[in-house]
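> mmCIF, N, CA and C atoms, saved as query_32.cif, coming up:
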```
data_coords
#
loop_
_atom_site.group_PDB
_atom_site.id
_atom_site.type_symbol
_atom_site.label_atom_id
_atom_site.label_comp_id
_atom_site.auth_asym_id
_atom_site.auth_seq_id
_atom_site.Cartn_x
_atom_site.Cartn_y
_atom_site.Cartn_z
ATOM 1 N N MET A 1 7.468 -1.908 18.868
ATOM 2 C CA MET A 1 7.368 -3.111 19.658
ATOM 3 C C MET A 1 6.466 -2.865 20.862
ATOM 4 N N LEU A 2 6.628 -1.708 21.480
ATOM 5 C CA LEU A 2 5.818 -1.374 22.647
ATOM 6 C C LEU A 2 4.342 -1.277 22.274
ATOM 7 N N LEU A 3 4.052 -0.677 21.104
ATOM 8 C CA LEU A 3 2.658 -0.568 20.662
ATOM 9 C C LEU A 3 2.034 -1.944 20.455
ATOM 10 N N ALA A 4 2.784 -2.859 19.871
ATOM 11 C CA ALA A 4 2.271 -4.216 19.664
ATOM 12 C C ALA A 4 2.062 -4.926 20.998
ATOM 13 N N TRP A 5 2.936 -4.665 21.953
ATOM 14 C CA TRP A 5 2.832 -5.318 23.256
ATOM 15 C C TRP A 5 1.556 -4.912 23.993
ATOM 16 N N VAL A 6 1.140 -3.656 23.850
ATOM 17 C CA VAL A 6 -0.085 -3.201 24.515
ATOM 18 C C VAL A 6 -1.313 -3.335 23.614
ATOM 19 N N GLY A 7 -1.139 -3.955 22.449
ATOM 20 C CA GLY A 7 -2.283 -4.203 21.570
ATOM 21 C C GLY A 7 -2.611 -3.074 20.623
ATOM 22 N N LEU A 8 -1.677 -2.149 20.408
ATOM 23 C CA LEU A 8 -1.942 -1.029 19.511
ATOM 24 C C LEU A 8 -1.008 -1.011 18.301
ATOM 25 N N GLY A 9 -0.587 -2.178 17.872
ATOM 26 C CA GLY A 9 0.253 -2.272 16.685
ATOM 27 C C GLY A 9 -0.453 -1.775 15.438
ATOM 28 N N CYS A 10 -1.773 -1.729 15.493
ATOM 29 C CA CYS A 10 -2.554 -1.260 14.348
ATOM 30 C C CYS A 10 -2.274 0.214 14.046
ATOM 31 N N LEU A 11 -1.847 0.982 15.042
ATOM 32 C CA LEU A 11 -1.538 2.390 14.797
ATOM 33 C C LEU A 11 -0.355 2.532 13.849
ATOM 34 N N CYS A 12 0.591 1.650 13.996
ATOM 35 C CA CYS A 12 1.771 1.668 13.125
ATOM 36 C C CYS A 12 1.417 1.184 11.723
ATOM 37 N N SER A 13 0.684 0.094 11.640
ATOM 38 C CA SER A 13 0.386 -0.497 10.338
ATOM 39 C C SER A 13 -0.612 0.332 9.533
ATOM 40 N N CYS A 14 -1.469 1.104 10.183
ATOM 41 C CA CYS A 14 -2.429 1.907 9.413
ATOM 42 C C CYS A 14 -1.724 3.039 8.671
ATOM 43 N N CYS A 15 -0.594 3.486 9.177
ATOM 44 C CA CYS A 15 0.171 4.523 8.474
ATOM 45 C C CYS A 15 0.715 3.989 7.157
ATOM 46 N N TYR A 16 1.193 2.748 7.160
ATOM 47 C CA TYR A 16 1.690 2.137 5.929
ATOM 48 C C TYR A 16 0.554 1.929 4.935
ATOM 49 N N ARG A 17 -0.604 1.551 5.439
ATOM 50 C CA ARG A 17 -1.765 1.363 4.559
ATOM 51 C C ARG A 17 -2.144 2.679 3.895
ATOM 52 N N SER A 18 -2.128 3.764 4.669
ATOM 53 C CA SER A 18 -2.458 5.078 4.110
ATOM 54 C C SER A 18 -1.474 5.481 3.018
ATOM 55 N N ARG A 19 -0.184 5.264 3.273
ATOM 56 C CA ARG A 19 0.828 5.603 2.277
ATOM 57 C C ARG A 19 0.669 4.772 1.005
ATOM 58 N N MET A 20 0.413 3.493 1.176
ATOM 59 C CA MET A 20 0.243 2.624 0.019
ATOM 60 C C MET A 20 -0.994 3.028 -0.775
ATOM 61 N N ARG A 21 -2.066 3.370 -0.071
ATOM 62 C CA ARG A 21 -3.298 3.776 -0.741
ATOM 63 C C ARG A 21 -3.070 5.059 -1.539
ATOM 64 N N GLU A 22 -2.353 6.020 -0.964
ATOM 65 C CA GLU A 22 -2.074 7.269 -1.672
ATOM 66 C C GLU A 22 -1.160 7.036 -2.870
ATOM 67 N N GLN A 23 -0.165 6.171 -2.695
ATOM 68 C CA GLN A 23 0.791 5.906 -3.758
ATOM 69 C C GLN A 23 0.132 5.267 -4.974
ATOM 70 N N TYR A 24 -0.824 4.384 -4.755
ATOM 71 C CA TYR A 24 -1.452 3.677 -5.867
ATOM 72 C C TYR A 24 -2.841 4.200 -6.215
ATOM 73 N N GLY A 25 -3.293 5.257 -5.570
ATOM 74 C CA GLY A 25 -4.584 5.855 -5.902
ATOM 75 C C GLY A 25 -5.772 4.992 -5.536
ATOM 76 N N LEU A 26 -5.682 4.278 -4.418
ATOM 77 C CA LEU A 26 -6.771 3.403 -3.974
ATOM 78 C C LEU A 26 -7.763 4.183 -3.120
ATOM 79 N N LYS A 27 -9.017 3.787 -3.188
ATOM 80 C CA LYS A 27 -10.055 4.457 -2.398
ATOM 81 C C LYS A 27 -10.008 3.994 -0.949
ATOM 82 N N GLU A 28 -10.350 4.897 -0.049
ATOM 83 C CA GLU A 28 -10.393 4.576 1.376
ATOM 84 C C GLU A 28 -11.807 4.107 1.718
ATOM 85 N N LYS A 29 -12.029 2.817 1.561
ATOM 86 C CA LYS A 29 -13.335 2.268 1.890
ATOM 87 C C LYS A 29 -13.172 0.841 2.353
ATOM 88 N N PRO A 30 -13.957 0.301 3.136
ATOM 89 C CA PRO A 30 -15.271 0.760 3.569
ATOM 90 C C PRO A 30 -15.216 1.782 4.709
ATOM 91 N N CYS A 31 -14.043 1.935 5.352
ATOM 92 C CA CYS A 31 -13.908 2.936 6.409
ATOM 93 C C CYS A 31 -12.461 3.408 6.453
ATOM 94 N N ALA A 32 -12.142 4.244 7.422
ATOM 95 C CA ALA A 32 -10.796 4.811 7.536
ATOM 96 C C ALA A 32 -9.756 3.705 7.755
ATOM 97 N N ASP A 33 -8.537 3.982 7.308
ATOM 98 C CA ASP A 33 -7.458 2.991 7.396
ATOM 99 C C ASP A 33 -7.224 2.507 8.822
ATOM 100 N N CYS A 34 -7.216 3.417 9.779
ATOM 101 C CA CYS A 34 -6.981 3.017 11.176
ATOM 102 C C CYS A 34 -8.105 2.124 11.699
ATOM 103 N N CYS A 35 -9.323 2.373 11.266
ATOM 104 C CA CYS A 35 -10.445 1.525 11.700
ATOM 105 C C CYS A 35 -10.309 0.113 11.137
ATOM 106 N N VAL A 36 -9.901 0.012 9.879
ATOM 107 C CA VAL A 36 -9.722 -1.304 9.260
ATOM 108 C C VAL A 36 -8.679 -2.094 10.042
ATOM 109 N N HIS A 37 -7.553 -1.456 10.366
ATOM 110 C CA HIS A 37 -6.494 -2.153 11.098
ATOM 111 C C HIS A 37 -6.887 -2.427 12.548
ATOM 112 N N PHE A 38 -7.632 -1.534 13.169
ATOM 113 C CA PHE A 38 -8.012 -1.733 14.571
ATOM 114 C C PHE A 38 -8.983 -2.895 14.722
ATOM 115 N N PHE A 39 -9.989 -2.961 13.854
ATOM 116 C CA PHE A 39 -11.017 -3.972 14.003
ATOM 117 C C PHE A 39 -10.661 -5.325 13.390
ATOM 118 N N CYS A 40 -9.817 -5.327 12.344
ATOM 119 C CA CYS A 40 -9.430 -6.597 11.736
ATOM 120 C C CYS A 40 -8.039 -6.469 11.110
ATOM 121 N N ASP A 41 -7.035 -6.395 11.960
ATOM 122 C CA ASP A 41 -5.658 -6.216 11.511
ATOM 123 C C ASP A 41 -5.199 -7.336 10.578
ATOM 124 N N PRO A 42 -5.479 -8.618 10.886
ATOM 125 C CA PRO A 42 -5.041 -9.673 9.959
ATOM 126 C C PRO A 42 -5.657 -9.539 8.560
ATOM 127 N N CYS A 43 -6.921 -9.134 8.495
ATOM 128 C CA CYS A 43 -7.578 -8.952 7.189
ATOM 129 C C CYS A 43 -6.922 -7.809 6.417
ATOM 130 N N ALA A 44 -6.623 -6.717 7.106
ATOM 131 C CA ALA A 44 -5.995 -5.562 6.459
ATOM 132 C C ALA A 44 -4.616 -5.926 5.930
ATOM 133 N N LEU A 45 -3.851 -6.669 6.710
ATOM 134 C CA LEU A 45 -2.517 -7.080 6.269
ATOM 135 C C LEU A 45 -2.592 -8.009 5.059
ATOM 136 N N CYS A 46 -3.586 -8.879 5.034
ATOM 137 C CA CYS A 46 -3.775 -9.772 3.873
ATOM 138 C C CYS A 46 -4.133 -8.973 2.629
ATOM 139 N N GLN A 47 -4.983 -7.959 2.771
ATOM 140 C CA GLN A 47 -5.347 -7.108 1.635
ATOM 141 C C GLN A 47 -4.118 -6.394 1.081
ATOM 142 N N GLU A 48 -3.294 -5.869 1.990
ATOM 143 C CA GLU A 48 -2.097 -5.150 1.558
ATOM 144 C C GLU A 48 -1.120 -6.098 0.869
ATOM 145 N N TYR A 49 -0.973 -7.289 1.402
ATOM 146 C CA TYR A 49 -0.098 -8.295 0.806
ATOM 147 C C TYR A 49 -0.540 -8.620 -0.615
ATOM 148 N N ARG A 50 -1.849 -8.868 -0.787
ATOM 149 C CA ARG A 50 -2.370 -9.196 -2.116
ATOM 150 C C ARG A 50 -2.228 -8.037 -3.086
ATOM 151 N N GLU A 51 -2.421 -6.821 -2.603
ATOM 152 C CA GLU A 51 -2.289 -5.639 -3.463
ATOM 153 C C GLU A 51 -0.849 -5.507 -3.966
ATOM 154 N N LEU A 52 0.119 -5.644 -3.073
ATOM 155 C CA LEU A 52 1.520 -5.538 -3.471
ATOM 156 C C LEU A 52 1.919 -6.680 -4.396
ATOM 157 N N LYS A 53 1.438 -7.875 -4.105
ATOM 158 C CA LYS A 53 1.760 -9.034 -4.943
ATOM 159 C C LYS A 53 1.187 -8.855 -6.349
ATOM 160 N N SER A 54 -0.026 -8.319 -6.451
ATOM 161 C CA SER A 54 -0.644 -8.111 -7.760
ATOM 162 C C SER A 54 0.067 -7.021 -8.563
ATOM 163 N N ARG A 55 0.814 -6.171 -7.877
ATOM 164 C CA ARG A 55 1.565 -5.106 -8.550
ATOM 165 C C ARG A 55 3.001 -5.517 -8.868
ATOM 166 N N GLY A 56 3.301 -6.806 -8.663
ATOM 167 C CA GLY A 56 4.593 -7.318 -9.085
ATOM 168 C C GLY A 56 5.660 -7.420 -8.015
ATOM 169 N N PHE A 57 5.313 -7.165 -6.767
ATOM 170 C CA PHE A 57 6.293 -7.284 -5.686
ATOM 171 C C PHE A 57 6.531 -8.759 -5.373
ATOM 172 N N ASP A 58 7.780 -9.113 -5.117
ATOM 173 C CA ASP A 58 8.145 -10.464 -4.713
ATOM 174 C C ASP A 58 8.422 -10.417 -3.214
ATOM 175 N N MET A 59 7.509 -10.950 -2.424
ATOM 176 C CA MET A 59 7.603 -10.825 -0.974
ATOM 177 C C MET A 59 8.829 -11.517 -0.383
ATOM 178 N N SER A 60 9.373 -12.509 -1.088
ATOM 179 C CA SER A 60 10.544 -13.217 -0.551
ATOM 180 C C SER A 60 11.801 -12.352 -0.598
ATOM 181 N N LEU A 61 11.795 -11.284 -1.417
ATOM 182 C CA LEU A 61 12.956 -10.402 -1.519
ATOM 183 C C LEU A 61 13.033 -9.387 -0.387
ATOM 184 N N GLY A 62 11.910 -9.049 0.200
ATOM 185 C CA GLY A 62 11.889 -8.013 1.237
ATOM 186 C C GLY A 62 11.572 -6.655 0.634
ATOM 187 N N TRP A 63 11.299 -5.687 1.490
ATOM 188 C CA TRP A 63 10.839 -4.374 1.058
ATOM 189 C C TRP A 63 11.901 -3.623 0.268
ATOM 190 N N HIS A 64 13.121 -3.517 0.804
ATOM 191 C CA HIS A 64 14.155 -2.708 0.161
ATOM 192 C C HIS A 64 14.559 -3.270 -1.205
ATOM 193 N N ALA A 65 14.679 -4.569 -1.319
ATOM 194 C CA ALA A 65 15.035 -5.176 -2.606
ATOM 195 C C ALA A 65 13.936 -4.945 -3.640
ATOM 196 N N ASN A 66 12.680 -4.990 -3.218
ATOM 197 C CA ASN A 66 11.570 -4.731 -4.147
ATOM 198 C C ASN A 66 11.571 -3.285 -4.617
ATOM 199 N N ILE A 67 11.849 -2.363 -3.716
ATOM 200 C CA ILE A 67 11.885 -0.949 -4.086
ATOM 201 C C ILE A 67 13.002 -0.706 -5.093
ATOM 202 N N GLU A 68 14.167 -1.295 -4.848
ATOM 203 C CA GLU A 68 15.275 -1.148 -5.798
ATOM 204 C C GLU A 68 14.918 -1.748 -7.150
ATOM 205 N N ARG A 69 14.318 -2.916 -7.130
ATOM 206 C CA ARG A 69 13.941 -3.596 -8.370
ATOM 207 C C ARG A 69 12.893 -2.800 -9.124
ATOM 208 N N MET A 70 11.900 -2.279 -8.421
ATOM 209 C CA MET A 70 10.836 -1.506 -9.067
ATOM 210 C C MET A 70 11.354 -0.157 -9.557
ATOM 211 N N GLY A 71 12.259 0.442 -8.796
ATOM 212 C CA GLY A 71 12.787 1.746 -9.169
ATOM 213 C C GLY A 71 13.614 1.703 -10.438
ATOM 214 N N LYS A 72 14.312 0.604 -10.661
ATOM 215 C CA LYS A 72 15.158 0.496 -11.847
ATOM 216 C C LYS A 72 14.347 0.233 -13.099
ATOM 217 N N SER A 73 13.210 -0.437 -12.958
ATOM 218 C CA SER A 73 12.426 -0.764 -14.143
ATOM 219 C C SER A 73 11.291 0.227 -14.392
ATOM 220 N N ALA A 74 11.039 1.098 -13.430
ATOM 221 C CA ALA A 74 9.930 2.044 -13.571
ATOM 222 C C ALA A 74 10.340 3.207 -14.478
ATOM 223 N N PRO A 75 9.428 3.695 -15.294
ATOM 224 C CA PRO A 75 9.750 4.838 -16.152
ATOM 225 C C PRO A 75 9.963 6.095 -15.316
ATOM 226 N N THR A 76 10.892 6.938 -15.751
ATOM 227 C CA THR A 76 11.188 8.151 -14.994
ATOM 228 C C THR A 76 10.566 9.381 -15.634
ATOM 229 N N ALA A 77 10.038 9.260 -16.831
ATOM 230 C CA ALA A 77 9.423 10.397 -17.507
ATOM 231 C C ALA A 77 7.967 10.537 -17.071
ATOM 232 N N ALA A 78 7.485 11.755 -17.135
ATOM 233 C CA ALA A 78 6.078 12.004 -16.805
ATOM 234 C C ALA A 78 5.191 11.396 -17.885
ATOM 235 N N PRO A 79 3.988 10.951 -17.519
ATOM 236 C CA PRO A 79 3.092 10.396 -18.540
ATOM 237 C C PRO A 79 2.670 11.462 -19.541
ATOM 238 N N GLN A 80 2.447 11.040 -20.777
ATOM 239 C CA GLN A 80 2.068 11.970 -21.837
ATOM 240 C C GLN A 80 0.591 12.307 -21.706
ATOM 241 N N ALA A 81 0.277 13.601 -21.765
ATOM 242 C CA ALA A 81 -1.112 14.064 -21.686
ATOM 243 C C ALA A 81 -1.658 14.201 -23.097
ATOM 244 N N TYR A 82 -2.824 13.639 -23.332
ATOM 245 C CA TYR A 82 -3.467 13.715 -24.637
ATOM 246 C C TYR A 82 -4.512 14.822 -24.607
ATOM 247 N N PRO A 83 -4.676 15.534 -25.729
ATOM 248 C CA PRO A 83 -5.679 16.611 -25.751
ATOM 249 C C PRO A 83 -7.096 16.035 -25.650
ATOM 250 N N GLY A 84 -7.996 16.862 -25.205
ATOM 251 C CA GLY A 84 -9.386 16.454 -25.078
ATOM 252 C C GLY A 84 -10.048 16.244 -26.431
ATOM 253 N N MET A 85 -11.288 15.825 -26.395
ATOM 254 C CA MET A 85 -12.027 15.560 -27.633
ATOM 255 C C MET A 85 -12.381 16.881 -28.320
ATOM 256 N N THR A 86 -12.351 16.868 -29.627
ATOM 257 C CA THR A 86 -12.746 18.044 -30.413
ATOM 258 C C THR A 86 -13.732 17.613 -31.496
ATOM 259 N N ARG A 87 -14.441 18.558 -32.006
ATOM 260 C CA ARG A 87 -15.392 18.259 -33.091
ATOM 261 C C ARG A 87 -14.756 18.429 -34.407
#
```
Could you express the structure from this file as structure tokens?


Amino acid sequence: MLLAWVGLGCLCSCCYRSRMREQYGLKEKPCADCCVHFFCDPCALCQEYRELKSRGFDMSLGWHANIERMGKSAPTAAPQAYPGMTR
């Protein structure tokens, strides 16, 4: 709350963006996560919202309910590795 009051709420939100990017294997572009949030925080939040929505999150449920819902339906086994090409 204090960070938002002094205009530095972007420091908090850029950490969530970094975690989400790592979790889903997204590229860090056009610049660093903190720069995106510092220069255009509303745009960054909209991007994150759309990314989560496209991955099946229901924003009306809230974060914890979505995590529980996704955790129960997500596969728990490691993905199967296929051998490389052979002649």

> Would you compute the distance between atom N of Gly71 in chain A and atom C of Leu26 in chain A? Give it in Å to one decimal.

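Separation between atom N of Gly71 in chain A and atom C of Leu26 in chain A: 21.1 Å.
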
> Restricting the calculation to only N, CA and C atoms: of A:Glu48, A:Ser60, A:Ala65, A:Cys10, which residue gets closest to Cys35 in chain A?

A:Cys10

> Distance CA of Asp33 in chain A-CA of Ser13 in chain A, one decimal place?

9.1 Å

> Between CA of Asn66 in chain A and CA of Cys40 in chain A, what distance in Å does the model show, to one decimal?

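Between CA of Asn66 in chain A and CA of Cys40 in chain A the gap is 26.4 Å.
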
> Any chance you could list, as a VMD selection string, the residues in range 20-65 of chain A that come up helix (DSSP H, G or I) when DSSP is run on the backbone?

chain A and resid 20 to 24 33 to 39 41 to 54 63 to 65
